[in-house]
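This is final.txt. It holds compact mmCIF, C-alpha atoms.
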# COMPACT_ATOMS: atom_id res chain seq x y z
CA MET A 1288 72.81 75.76 110.90
CA THR A 1289 76.22 75.53 112.53
CA SER A 1290 77.81 74.57 109.24
CA GLU A 1291 76.39 77.72 107.60
CA LEU A 1292 77.67 79.86 110.47
CA THR A 1293 81.10 78.20 110.28
CA LEU A 1294 81.24 78.71 106.53
CA LEU A 1295 80.34 82.41 106.93
CA ALA A 1296 83.07 82.86 109.59
CA LEU A 1297 85.62 81.18 107.33
CA ARG A 1298 84.66 83.46 104.43
CA PHE A 1299 85.10 86.60 106.55
CA GLY A 1300 88.40 85.28 107.94
CA PHE A 1301 89.70 84.56 104.45
CA LEU A 1302 88.62 88.02 103.28
CA ALA A 1303 90.41 89.65 106.25
CA VAL A 1304 93.63 87.74 105.52
CA LEU A 1305 93.47 88.77 101.84
CA TRP A 1306 93.09 92.47 102.79
CA LEU A 1307 96.01 92.24 105.26
CA PHE A 1308 98.14 90.75 102.48
CA VAL A 1309 97.17 93.57 100.08
CA PHE A 1310 98.00 96.25 102.69
CA ALA A 1311 101.37 94.59 103.41
CA ILE A 1312 102.27 94.67 99.70
CA VAL A 1313 101.20 98.32 99.31
CA PHE A 1314 103.23 99.33 102.40
CA ALA A 1315 106.33 97.49 101.12
CA LEU A 1316 106.06 99.13 97.68
CA ARG A 1317 105.52 102.59 99.18
CA SER A 1318 108.55 102.32 101.47
CA ASP A 1319 110.70 101.02 98.59
CA LEU A 1320 109.66 103.81 96.23
CA PHE A 1321 109.56 106.74 98.63
CA GLY A 1322 111.82 105.64 101.50
CA GLN A 1323 111.12 105.48 105.18
CA ARG A 1324 109.94 108.62 106.94
CA ALA A 1325 112.65 110.03 109.16
CA ARG A 1326 111.58 111.11 112.62
CA LYS A 1327 112.79 114.46 113.84
CA LEU A 1328 114.56 114.28 117.18
CA PRO A 1329 113.94 116.87 119.87
CA ALA A 1330 116.57 119.63 119.90
CA ASP A 1331 118.32 118.30 123.02
CA GLN A 1332 118.80 114.83 121.45
CA GLN A 1333 120.06 116.36 118.19
CA ALA A 1334 122.66 118.37 120.10
CA GLY A 1335 123.75 115.26 122.02
CA GLN A 1336 124.16 113.24 118.84
CA ALA A 1337 126.06 116.08 117.16
CA ASN A 1338 128.47 116.19 120.11
CA GLN A 1339 128.97 112.41 119.96
CA ALA A 1340 129.61 112.54 116.22
CA ALA A 1341 132.14 115.36 116.63
CA ALA A 1342 133.89 113.56 119.49
CA ALA A 1343 134.47 110.22 117.71
CA PRO A 1344 134.06 110.38 113.92
CA PRO A 1345 134.67 107.12 112.02
CA ALA A 1346 138.05 106.83 110.35
CA PRO A 1347 137.80 106.17 106.60
CA ALA A 1348 139.90 103.31 105.28
CA ALA A 1349 142.54 103.87 102.63
CA PRO A 1350 141.58 103.13 99.00
CA ARG A 1351 142.71 99.84 97.44
CA ALA A 1352 144.54 101.49 94.59
CA PRO A 1353 146.86 104.43 95.23
CA ALA A 1354 145.34 107.79 94.39
CA PRO A 1355 146.82 109.57 91.38
CA ALA A 1356 149.46 112.08 92.38
CA ALA A 1357 148.45 115.72 92.25
CA PRO A 1358 150.32 117.80 89.69
CA SER A 1359 153.14 119.83 91.21
CA GLY A 1360 152.15 123.26 92.39
CA SER A 1361 148.43 122.44 92.44
CA GLY A 1362 148.18 122.19 96.22
CA GLY A 1363 147.29 118.49 96.52
CA ASP A 1364 145.58 119.00 99.90
CA THR A 1365 143.05 121.47 98.51
CA ALA A 1366 139.58 119.93 98.57
CA ALA A 1367 137.27 120.04 95.58
CA THR A 1368 134.69 122.83 95.60
CA ARG A 1369 132.14 121.51 93.10
CA LEU A 1370 130.58 118.32 91.84
CA VAL A 1371 130.05 117.99 88.08
CA ILE A 1372 127.77 115.30 86.62
CA THR A 1373 129.46 113.97 83.48
CA LYS A 1374 127.09 111.15 82.43
CA GLY A 1375 123.42 110.38 82.99
CA ALA A 1376 120.07 112.17 82.95
CA LYS A 1377 121.52 115.24 84.72
CA ALA A 1378 124.75 115.47 82.68
CA GLY A 1379 126.26 118.95 82.81
CA LEU A 1380 124.79 119.82 86.22
CA GLU A 1381 127.27 121.48 88.60
CA MET A 1382 126.72 121.62 92.35
CA PRO A 1383 128.81 123.60 94.82
CA LEU A 1384 130.13 121.42 97.66
CA ALA A 1385 129.50 122.66 101.18
CA ASP A 1386 131.33 121.46 104.30
CA GLY A 1387 128.50 119.11 105.33
CA PRO A 1388 127.81 115.65 103.94
CA LEU A 1389 126.04 115.27 100.60
CA THR A 1390 123.57 112.38 100.40
CA ILE A 1391 122.87 110.74 97.04
CA GLY A 1392 119.89 108.54 96.13
CA ARG A 1393 116.36 108.29 94.79
CA SER A 1394 114.77 109.72 97.94
CA GLN A 1395 113.47 113.30 97.87
CA GLU A 1396 115.36 113.74 101.17
CA SER A 1397 118.70 113.32 99.34
CA ASN A 1398 120.82 116.36 98.47
CA LEU A 1399 121.45 114.91 95.00
CA VAL A 1400 118.37 113.05 93.73
CA ILE A 1401 119.13 110.49 91.00
CA ARG A 1402 116.04 108.88 89.52
CA ASP A 1403 117.00 105.67 87.75
CA ASP A 1404 116.32 101.97 88.26
CA TYR A 1405 119.88 101.24 89.41
CA THR A 1406 120.02 103.78 92.27
CA SER A 1407 118.87 102.90 95.79
CA THR A 1408 116.66 105.14 97.90
CA HIS A 1409 119.64 106.07 100.11
CA HIS A 1410 122.58 105.07 97.91
CA ALA A 1411 125.75 106.89 99.00
CA ARG A 1412 127.15 109.72 101.09
CA LEU A 1413 129.91 112.14 100.09
CA MET A 1414 131.55 113.81 103.08
CA LEU A 1415 134.51 116.04 103.86
CA TRP A 1416 137.01 114.29 106.13
CA ASN A 1417 140.32 115.94 107.13
CA GLY A 1418 140.26 118.22 104.11
CA ARG A 1419 139.49 115.42 101.60
CA TRP A 1420 136.19 114.26 100.14
CA VAL A 1421 135.29 110.66 100.99
CA ILE A 1422 132.57 108.52 99.34
CA GLN A 1423 130.67 105.97 101.42
CA ASP A 1424 128.27 103.40 99.97
CA LEU A 1425 125.15 103.06 102.14
CA ASP A 1426 124.63 99.33 101.50
CA SER A 1427 123.13 100.00 98.09
CA THR A 1428 121.92 97.13 95.92
CA ASN A 1429 123.94 97.92 92.79
CA GLY A 1430 126.98 99.52 94.43
CA THR A 1431 129.00 102.70 94.16
CA PHE A 1432 132.08 102.74 91.94
CA LEU A 1433 135.18 104.96 92.14
CA ALA A 1434 137.35 104.84 89.01
CA GLY A 1435 135.68 101.55 88.03
CA GLU A 1436 136.20 99.78 91.39
CA ARG A 1437 133.37 99.05 93.80
CA VAL A 1438 133.48 101.06 97.03
CA THR A 1439 132.99 98.84 100.10
CA VAL A 1440 134.45 101.14 102.77
CA PRO A 1441 134.57 104.96 102.99
CA THR A 1442 137.15 105.86 100.33
CA PRO A 1443 138.86 109.20 99.54
CA VAL A 1444 137.87 110.65 96.15
CA PRO A 1445 140.76 112.29 94.26
CA VAL A 1446 139.89 115.41 92.27
CA GLY A 1447 138.98 114.41 88.70
CA SER A 1448 138.22 110.74 89.50
CA THR A 1449 134.93 109.36 88.19
CA VAL A 1450 132.31 108.17 90.69
CA THR A 1451 129.49 106.07 89.23
CA ILE A 1452 126.13 105.56 90.93
CA GLY A 1453 123.55 103.72 88.85
CA GLN A 1454 123.67 105.18 85.35
CA THR A 1455 125.05 108.53 86.56
CA SER A 1456 128.74 109.45 86.75
CA PHE A 1457 130.23 112.54 88.34
CA GLU A 1458 133.59 114.08 89.21
CA LEU A 1459 134.81 116.37 91.94
CA ARG A 1460 136.57 119.47 90.67
CA ARG A 1461 138.24 122.52 92.15
Structure rendered as structure tokens:
Amino acid sequence: MTSELTLLALRFGFLAVLWLFVFAIVFALRSDLFGQRARKLPADQQAGQANQAAAAPPAPAAPRAPAPAAPSGSGGDTAATRLVITKGAKAGLEMPLADGPLTIGRSQESNLVIRDDYTSTHHARLMLWNGRWVIQDLDSTNGTFLAGERVTVPTPVPVGSTVTIGQTSFELRR
């Protein structure tokens, strides 16, 4: 009698462990495909974080290779005003660039959604810093490339240089 009861308990225990394993796999796949849900902060915390970010923004490091010189008379300090996708599924798409950061990735929360197997959920961020656009890789799996070189630190993007994320390439233009 006790051996039958023990066997029944072991069967239910094994079944419970199997279901926990299945739920863990489904949760991991869902978070990889759709990203983590971002929590909204109360308005007072958002204002505090915005003040902290404005007070001490991170300084981008200089690029490894010198940026190409701007043609004379073109106003080299003028920031790009649009992003043009030159290669990939969305080739030909033009986006106006606002003053705020532009997030790039597979997530629906991104400003520029790129759906391919080589793009991470939150892949990169393009931001305006001291009048120049800077690209920052967000620890993506396959990397972000500027003019063929992998970006490891926030790097200024010269107008007309090619940025490659996954199978998509784009340029910043005036």
Mind pulling up the distance from atom CA of Ile1452 of chain A to atom CA of Phe1432 of chain A? 6.7 Å
Fewer than 5 positions away in the same chain doesn't count, so skip those; otherwise give me all residues within 10 Å of segment 1404-1412 of chain A, counting only C-alpha atoms, as a ChimeraX atom specification. /A:1318-1323,1388-1399,1421-1431,1438,1441,1452-1455
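Across the structure, atom CA of Leu1384 of chain A and atom CA of Thr1368 of chain A are spaced 5.2 Å apart.
Between atom CA of Ser1456 of chain A and atom CA of Gly1375 of chain A there is a distance of 6.6 Å.
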Within 9 Å of segment 1445-1451 of chain A, counting all atoms listed in the file, which residues qualify if same-chain residues fewer than 4 places away don't, as an MDAnalysis selection string? chainID A and resid 1354:1357 1366:1367 1373:1374 1419:1422 1430:1435 1455:1461
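Each of A:Leu1415, A:Ala1376, A:Val1444, A:Val1371 was checked against Asp1403 of chain A using all atoms listed in the file; the smallest atom-to-atom distance is that of A:Ala1376.
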Considering all atoms listed in the file, state which residue in the set A:Ile1401, A:Ala1311, A:Arg1317, A:Gly1300 is at the smallest distance from Ile1372 of chain A. A:Ile1401
Specify the axis-aligned box that encloses all atoms of segment 1445-1458 of chain A listed in the file after padding of 6 Å on each side, stating its centre and edge lengths in Å to one decimal as JSON.
{"center_x": 132.2, "center_y": 109.6, "center_z": 89.8, "size_x": 29.2, "size_y": 23.7, "size_z": 20.9}
Can you complete the atoms of segment 1385-1396 of chain A to N, CA and C atoms and list them as a CSV table (one decimal), keeping the file's coordinate frame?
chain,number,residue,atom,x,y,z
A,1385,ALA,N,129.4,122.0,99.9
A,1385,ALA,CA,129.5,122.7,101.2
A,1385,ALA,C,130.4,121.8,102.1
A,1386,ASP,N,130.5,122.2,103.3
A,1386,ASP,CA,131.3,121.5,104.3
A,1386,ASP,C,130.6,120.2,104.8
A,1387,GLY,N,129.3,120.2,104.8
A,1387,GLY,CA,128.5,119.1,105.3
A,1387,GLY,C,128.4,118.0,104.4
A,1388,PRO,N,127.9,116.8,104.8
A,1388,PRO,CA,127.8,115.6,103.9
A,1388,PRO,C,126.7,115.9,102.9
A,1389,LEU,N,127.0,115.2,101.7
A,1389,LEU,CA,126.0,115.3,100.6
A,1389,LEU,C,125.5,113.9,100.4
A,1390,THR,N,124.2,113.7,100.6
A,1390,THR,CA,123.6,112.4,100.4
A,1390,THR,C,123.1,112.2,99.0
A,1391,ILE,N,123.2,111.0,98.4
A,1391,ILE,CA,122.9,110.7,97.0
A,1391,ILE,C,121.9,109.5,97.0
A,1392,GLY,N,120.8,109.7,96.3
A,1392,GLY,CA,119.9,108.5,96.1
A,1392,GLY,C,118.6,109.0,95.4
A,1393,ARG,N,117.7,108.0,95.4
A,1393,ARG,CA,116.4,108.3,94.8
A,1393,ARG,C,115.4,109.1,95.7
A,1394,SER,N,115.7,109.1,97.0
A,1394,SER,CA,114.8,109.7,97.9
A,1394,SER,C,114.8,111.2,97.8
A,1395,GLN,N,113.6,111.8,97.9
A,1395,GLN,CA,113.5,113.3,97.9
A,1395,GLN,C,114.3,114.0,99.0
A,1396,GLU,N,114.6,113.2,100.0
A,1396,GLU,CA,115.4,113.7,101.2
A,1396,GLU,C,116.8,113.9,100.8
